[in-house]
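Below is structure.cif, which holds mmCIF, C-alpha atoms.
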```cif
data_upload
#
loop_
_atom_site.label_atom_id
_atom_site.label_comp_id
_atom_site.auth_asym_id
_atom_site.auth_seq_id
_atom_site.Cartn_x
_atom_site.Cartn_y
_atom_site.Cartn_z
CA GLU A 1 0.00 0.00 0.00
CA ARG A 2 1.36 3.39 -0.99
CA PRO A 3 -0.21 6.45 0.71
CA SER A 4 -1.56 9.34 -1.30
CA ALA A 5 -0.32 11.68 1.47
CA LEU A 6 1.55 11.50 4.75
CA PHE A 7 0.79 13.71 7.75
CA VAL A 8 3.52 14.35 10.32
CA MET A 9 2.08 15.58 13.61
CA ALA A 10 4.57 17.98 15.22
CA LEU A 11 1.87 19.27 17.56
CA ASP A 12 -0.26 17.42 20.10
CA THR A 13 -3.22 19.32 21.54
CA ARG A 14 -4.48 16.62 23.89
CA PRO A 15 -4.43 17.76 27.54
CA ASP A 16 -1.07 17.23 29.29
CA ALA A 17 0.62 15.95 26.11
CA ALA A 18 4.40 16.24 25.84
CA PRO A 19 5.32 19.06 23.43
CA PRO A 20 6.77 17.43 20.29
CA ALA A 21 9.24 20.32 20.03
CA LEU A 22 11.02 18.89 23.10
CA ALA A 23 11.38 15.52 21.39
CA LEU A 24 12.86 17.25 18.31
CA GLN A 25 15.23 19.52 20.25
CA GLY A 26 18.82 18.95 19.13
CA ARG A 27 17.66 16.42 16.52
CA GLU A 28 16.81 18.78 13.66
CA GLU A 29 19.18 17.09 11.21
CA GLU A 30 17.58 13.71 11.85
CA PHE A 31 14.14 15.30 11.43
CA SER A 32 15.12 16.67 7.99
CA ARG A 33 16.61 13.31 6.95
CA GLY A 34 13.43 11.52 8.02
CA LEU A 35 11.21 13.98 6.12
CA ARG A 36 13.29 13.51 2.97
CA ALA A 37 12.87 9.74 3.31
CA LEU A 38 9.09 10.08 3.69
CA THR A 39 8.79 11.89 0.36
CA GLY A 40 9.82 8.61 -1.27
CA LEU A 41 7.00 6.71 0.43
CA ALA A 42 4.04 8.87 -0.58
CA ASP A 43 2.71 9.75 -4.01
CA GLY A 44 1.47 13.11 -2.76
CA PRO A 45 2.49 15.63 -0.14
CA VAL A 46 4.15 15.13 3.22
CA VAL A 47 2.27 17.60 5.43
CA VAL A 48 3.97 18.69 8.65
CA CYS A 49 1.37 20.02 11.10
CA HIS A 50 3.12 22.26 13.62
CA ASP A 51 2.97 25.31 15.86
CA ASP A 52 5.55 28.07 16.42
CA THR A 53 7.77 25.90 18.66
CA VAL A 54 8.89 23.43 15.98
CA PRO A 55 12.01 24.41 14.01
CA LYS A 56 11.54 24.21 10.24
CA PRO A 57 14.47 22.95 8.15
CA MET A 58 15.21 25.69 5.64
CA SER A 59 16.43 23.73 2.63
CA GLY A 60 16.80 20.39 0.96
CA LEU A 61 13.26 19.08 1.46
CA GLY A 62 11.72 19.91 -1.90
CA ASP A 63 8.27 21.22 -2.65
CA ARG A 64 6.41 18.05 -1.58
CA VAL A 65 6.97 18.81 2.11
CA ILE A 66 4.26 21.25 3.16
CA TRP A 67 4.43 23.10 6.48
CA ARG A 68 0.98 23.69 7.93
CA LYS A 69 0.75 25.86 11.03
CA ILE A 70 -2.28 24.83 13.04
CA SER A 71 -4.10 26.13 16.06
CA PRO A 72 -2.78 24.86 19.41
CA VAL A 73 -6.38 24.34 20.57
CA HIS A 74 -7.76 20.82 20.90
CA PRO A 75 -8.86 19.02 18.68
CA HIS A 76 -6.88 20.78 15.92
CA GLY A 77 -3.72 18.82 16.80
CA LEU A 78 -5.33 15.48 16.00
CA ALA A 79 -4.27 13.89 12.72
CA GLY A 80 -7.81 12.95 11.70
CA ILE A 81 -9.01 16.56 11.85
CA GLN A 82 -6.15 17.75 9.63
CA ILE A 83 -6.45 14.85 7.18
CA ALA A 84 -10.20 15.39 6.77
CA ALA A 85 -9.65 19.10 6.11
CA LEU A 86 -6.63 18.94 3.80
CA HIS A 87 -6.37 15.56 2.10
CA PRO A 88 -9.27 13.20 2.89
CA ALA A 89 -8.60 9.50 2.48
CA ARG A 90 -10.59 7.69 -0.20
CA PRO A 91 -10.84 4.11 -1.42
CA ASN A 92 -7.48 3.21 -2.97
CA GLN A 93 -6.03 6.52 -1.68
CA PRO A 94 -5.00 5.90 1.93
CA VAL A 95 -3.48 8.64 4.04
CA TRP A 96 -0.95 7.83 6.76
CA ASP A 97 -0.08 9.83 9.85
CA MET A 98 2.86 9.65 12.23
CA TYR A 99 4.40 11.50 15.14
CA ALA A 100 7.26 13.90 14.50
CA GLU A 101 9.46 11.95 16.92
CA ASP A 102 8.96 8.83 14.77
CA VAL A 103 10.22 10.82 11.75
CA VAL A 104 13.30 11.76 13.78
CA ASP A 105 13.79 8.07 14.61
CA ILE A 106 13.64 7.19 10.89
CA GLY A 107 16.26 9.86 10.18
CA GLU A 108 18.49 8.53 12.96
CA PHE A 109 18.09 4.96 11.72
CA LEU A 110 19.09 5.99 8.20
CA ALA A 111 22.23 7.70 9.55
CA THR A 112 23.36 5.11 12.11
CA GLY A 113 21.61 1.84 11.28
CA PHE A 114 20.21 1.71 14.82
CA VAL A 115 16.61 2.26 15.91
CA PRO A 116 16.37 4.69 18.86
CA GLU A 117 15.20 2.87 21.97
CA THR A 118 13.27 5.58 23.80
CA ARG A 119 10.56 8.18 23.29
CA LEU A 120 9.37 11.24 25.20
CA VAL A 121 6.31 10.42 27.33
CA SER A 122 4.12 12.61 29.53
CA VAL A 123 3.04 11.03 32.83
CA SER A 124 0.18 13.01 34.37
CA GLY A 125 -3.17 12.81 36.09
CA THR A 126 -5.10 13.54 39.24
CA ALA A 127 -3.83 10.37 40.92
CA LEU A 128 -0.25 11.67 40.86
CA ARG A 129 1.53 14.04 43.25
CA GLU A 130 3.31 15.62 40.27
CA ASP A 131 3.34 15.43 36.48
CA ARG A 132 6.53 14.62 34.65
CA LEU A 133 8.08 14.13 31.24
CA MET A 134 10.41 11.17 30.79
CA ARG A 135 12.13 9.16 28.13
CA CYS A 136 11.22 5.48 28.16
CA GLN A 137 10.91 2.49 25.89
CA PRO A 138 7.73 1.36 24.16
CA GLY A 139 6.38 -1.49 26.25
CA ALA A 140 7.42 0.16 29.53
CA ASP A 141 5.55 -0.93 32.66
CA LEU A 142 3.08 1.89 33.46
CA ARG A 143 3.12 1.04 37.16
CA ALA A 144 6.88 1.50 37.26
CA LEU A 145 6.60 4.89 35.49
CA CYS A 146 4.21 6.13 38.19
CA PHE A 147 5.62 4.24 41.19
CA ASP A 148 7.21 7.05 43.21
CA ILE A 149 4.69 9.80 42.38
CA VAL A 150 1.30 8.06 42.74
CA LYS A 151 -1.07 8.99 45.56
CA PRO A 152 -2.41 6.18 47.79
CA GLY A 153 -5.61 4.46 46.69
CA PRO A 154 -7.03 2.58 43.74
CA HIS A 155 -6.30 4.07 40.30
CA ARG A 156 -6.63 3.22 36.63
CA LEU A 157 -3.58 3.43 34.40
CA LEU A 158 -4.21 4.52 30.83
CA ALA A 159 -1.85 4.19 27.87
CA GLY A 160 -2.73 7.43 26.10
CA SER A 161 -4.44 10.59 27.24
CA HIS A 162 -7.48 10.68 29.48
CA LEU A 163 -9.51 11.45 26.32
CA ASP A 164 -8.49 8.48 24.21
CA GLY A 165 -6.35 6.23 26.40
CA VAL A 166 -7.04 2.59 27.14
CA GLU A 167 -6.55 0.81 30.42
CA SER A 168 -3.27 -1.02 30.23
CA ARG A 169 -0.27 -2.21 32.15
CA TRP A 170 2.18 -1.48 29.32
CA LEU A 171 2.97 1.56 27.17
CA ASP A 172 1.83 0.70 23.66
CA THR A 173 3.70 1.57 20.48
CA ARG A 174 1.77 4.76 19.63
CA SER A 175 1.12 6.21 23.09
CA ARG A 176 3.00 9.29 24.21
CA GLN A 177 1.01 9.77 27.43
CA VAL A 178 0.28 7.83 30.62
#
```
Starting from the file, lay out its structure as C-alpha cells.
Amino acid sequence: ERPSALFVMALDTRPDAAPPALALQGREEEFSRGLRALTGLADGPVVVCHDDTVPKPMSGLGDRVIWRKISPVHPHGLAGIQIAALHPARPNQPVWDMYAEDVVDIGEFLATGFVPETRLVSVSGTALREDRLMRCQPGADLRALCFDIVKPGPHRLLAGSHLDGVESRWLDTRSRQV
C-alpha cells in the first residue's frame, strides 16, 4: 500500500501531552533526513502540522513537504481533523499519519543503522503528586513509570491521554502519554 499523502504531527493538543518540540530539540538534522525519506514513500504531499515551537528545516526538502501551522487548541492537533480538512482518504487513496518523533527516529536509523530505543512520554493525572516528562521504551511498565509519584488508593492506568487512552499495564507503540 502506498499512501496518497503523509501527515507528520509535530503538535499534540491533547491535555497534558508532551510538546513534540522537546522531542525534536537537538535532533533537527535527523528530522530533515526523516522527512526527505518520507517523500519517497508517498505519491502526494508530506504535510507537517506544527505550531511556532517546531524548528523548520530551511532547505533540501523539496516542494512536496508542506508546512501547515495549526491552532494549538484541541482538537486541531489530532491527525484525523487535519487529514479530513486537507487531504481526505478515499478508497485506494490511503493517508498515513505519524508523530514527528517517529520521523526523527527514521532519520536517525538511516544515519546510524540503529533504531532509537526511547521516546518522550508525559506522565500526568489527578492520581499523581506531580506530572513529569520522561524518556522510556515502548512497552514500559506503566506502574513503574508512576511508582514514586502516585497517591495512595485505587487508580486506573491509561496508555494514552485521558480522552483516548485505554486501560493497560504497558505503554503501547503509539502512546505518548500515561
Residues selected by the PyMOL selection byres ((chain A and resi 87) around 12), written as a ChimeraX atom specification | /A:3-7,44-47,79-86,88-90,93-97
Need the shell around Glu130 of chain A: protein/DNA/RNA residues with any atom at most 10 Å away, counting all atoms listed in the file. Skip same-chain ones fewer than 5 positions apart. Format as an mmCIF file with C-alpha atoms, in the coordinates of the input?
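Saved the output as result34.cif:
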```
data_model
loop_
_atom_site.group_PDB
_atom_site.id
_atom_site.type_symbol
_atom_site.label_atom_id
_atom_site.label_comp_id
_atom_site.auth_asym_id
_atom_site.auth_seq_id
_atom_site.Cartn_x
_atom_site.Cartn_y
_atom_site.Cartn_z
ATOM 1 C CA VAL A 123 3.040 11.030 32.830
ATOM 2 C CA SER A 124 0.180 13.010 34.370
ATOM 3 C CA GLY A 125 -3.170 12.810 36.090
ATOM 4 C CA CYS A 146 4.210 6.130 38.190
ATOM 5 C CA ASP A 148 7.210 7.050 43.210
ATOM 6 C CA ILE A 149 4.690 9.800 42.380
ATOM 7 C CA VAL A 150 1.300 8.060 42.740
ATOM 8 C CA LYS A 151 -1.070 8.990 45.560
#
```
Exercise: Gly60 of chain A partners within 12 Å, only C-alpha atoms, chain neighbours under 2 positions left out, as a ChimeraX atom specification | /A:29,31-37,39,56-58,62-65
Any chance you could resolve the PyMOL selection byres ((chain A and resi 119) around 6) against this file and give the residues as a list in words?
->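 Those residues are Thr118, Leu120, Arg135 and Cys136 of chain A.
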Minimum-distance residue to Ala144 of chain A, chosen among A:Leu163, A:Ala127, A:Leu157, A:Ala42 (using only C-alpha atoms) |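 Result for the nearest residue to Ala144 of chain A: A:Leu157.
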Could you tell me which of A:Glu117, A:Asp51, A:Glu101, A:Asp131 comes closest to Glu30 of chain A if we count only C-alpha atoms?
->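 Closest to Glu30 of chain A, using only C-alpha atoms: A:Glu101.
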Å distance separating atom CA of Ala10 of chain A from atom CA of Leu24 of chain A, one decimal place =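 Taking atom CA of Ala10 of chain A and atom CA of Leu24 of chain A, their separation equals 8.9 Å.
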Restricting the calculation to all atoms listed in the file, which member of A:Val115, A:Val121, A:Leu61, A:Cys49 is positioned closest to Ala23 of chain A?
-> A:Val121
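Using the PyMOL selection byres ((chain A and resi 11) around 9) on this structure selects Val8, Met9, Ala10, Asp12, Thr13, Pro19, Pro20, Ala21, Cys49, His50, Asp51, Thr53, Val54, Ile70, Pro72, Gly77, Leu78, Tyr99 and Ala100 of chain A.
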Kindly give the distance, in Å, that separates atom CA of Ser71 of chain A and atom CA of Pro15 of chain A, rounded to a single decimal.
-> 14.2 Å
Go ahead and compute the interatomic distance for atom CA of Met98 of chain A and atom CA of Arg143 of chain A, in Å to one decimal.
->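 Going from atom CA of Met98 of chain A over to atom CA of Arg143 of chain A, I get 26.4 Å.
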Long-range neighbours of Glu167 of chain A as a list in words, 8 Å cut-off, all atoms listed in the file, 3 positions minimum in chain |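 Counting only the stated atoms, we get Arg156, Leu157, Leu158 and Ala159 of chain A.
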Would you please work out which residue, of A:Phe109, A:Thr173, A:Leu128, A:Ala17, is nearest to Gly153 of chain A when using only C-alpha atoms?
->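 Answer, going by the shortest atom-to-atom distance: A:Leu128.
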For Leu142 of chain A, which residue among A:Ile66, A:Pro75, A:His155, A:Thr112 is the nearest when counting only C-alpha atoms?
->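 Under the stated criterion, the closest residue is A:His155.
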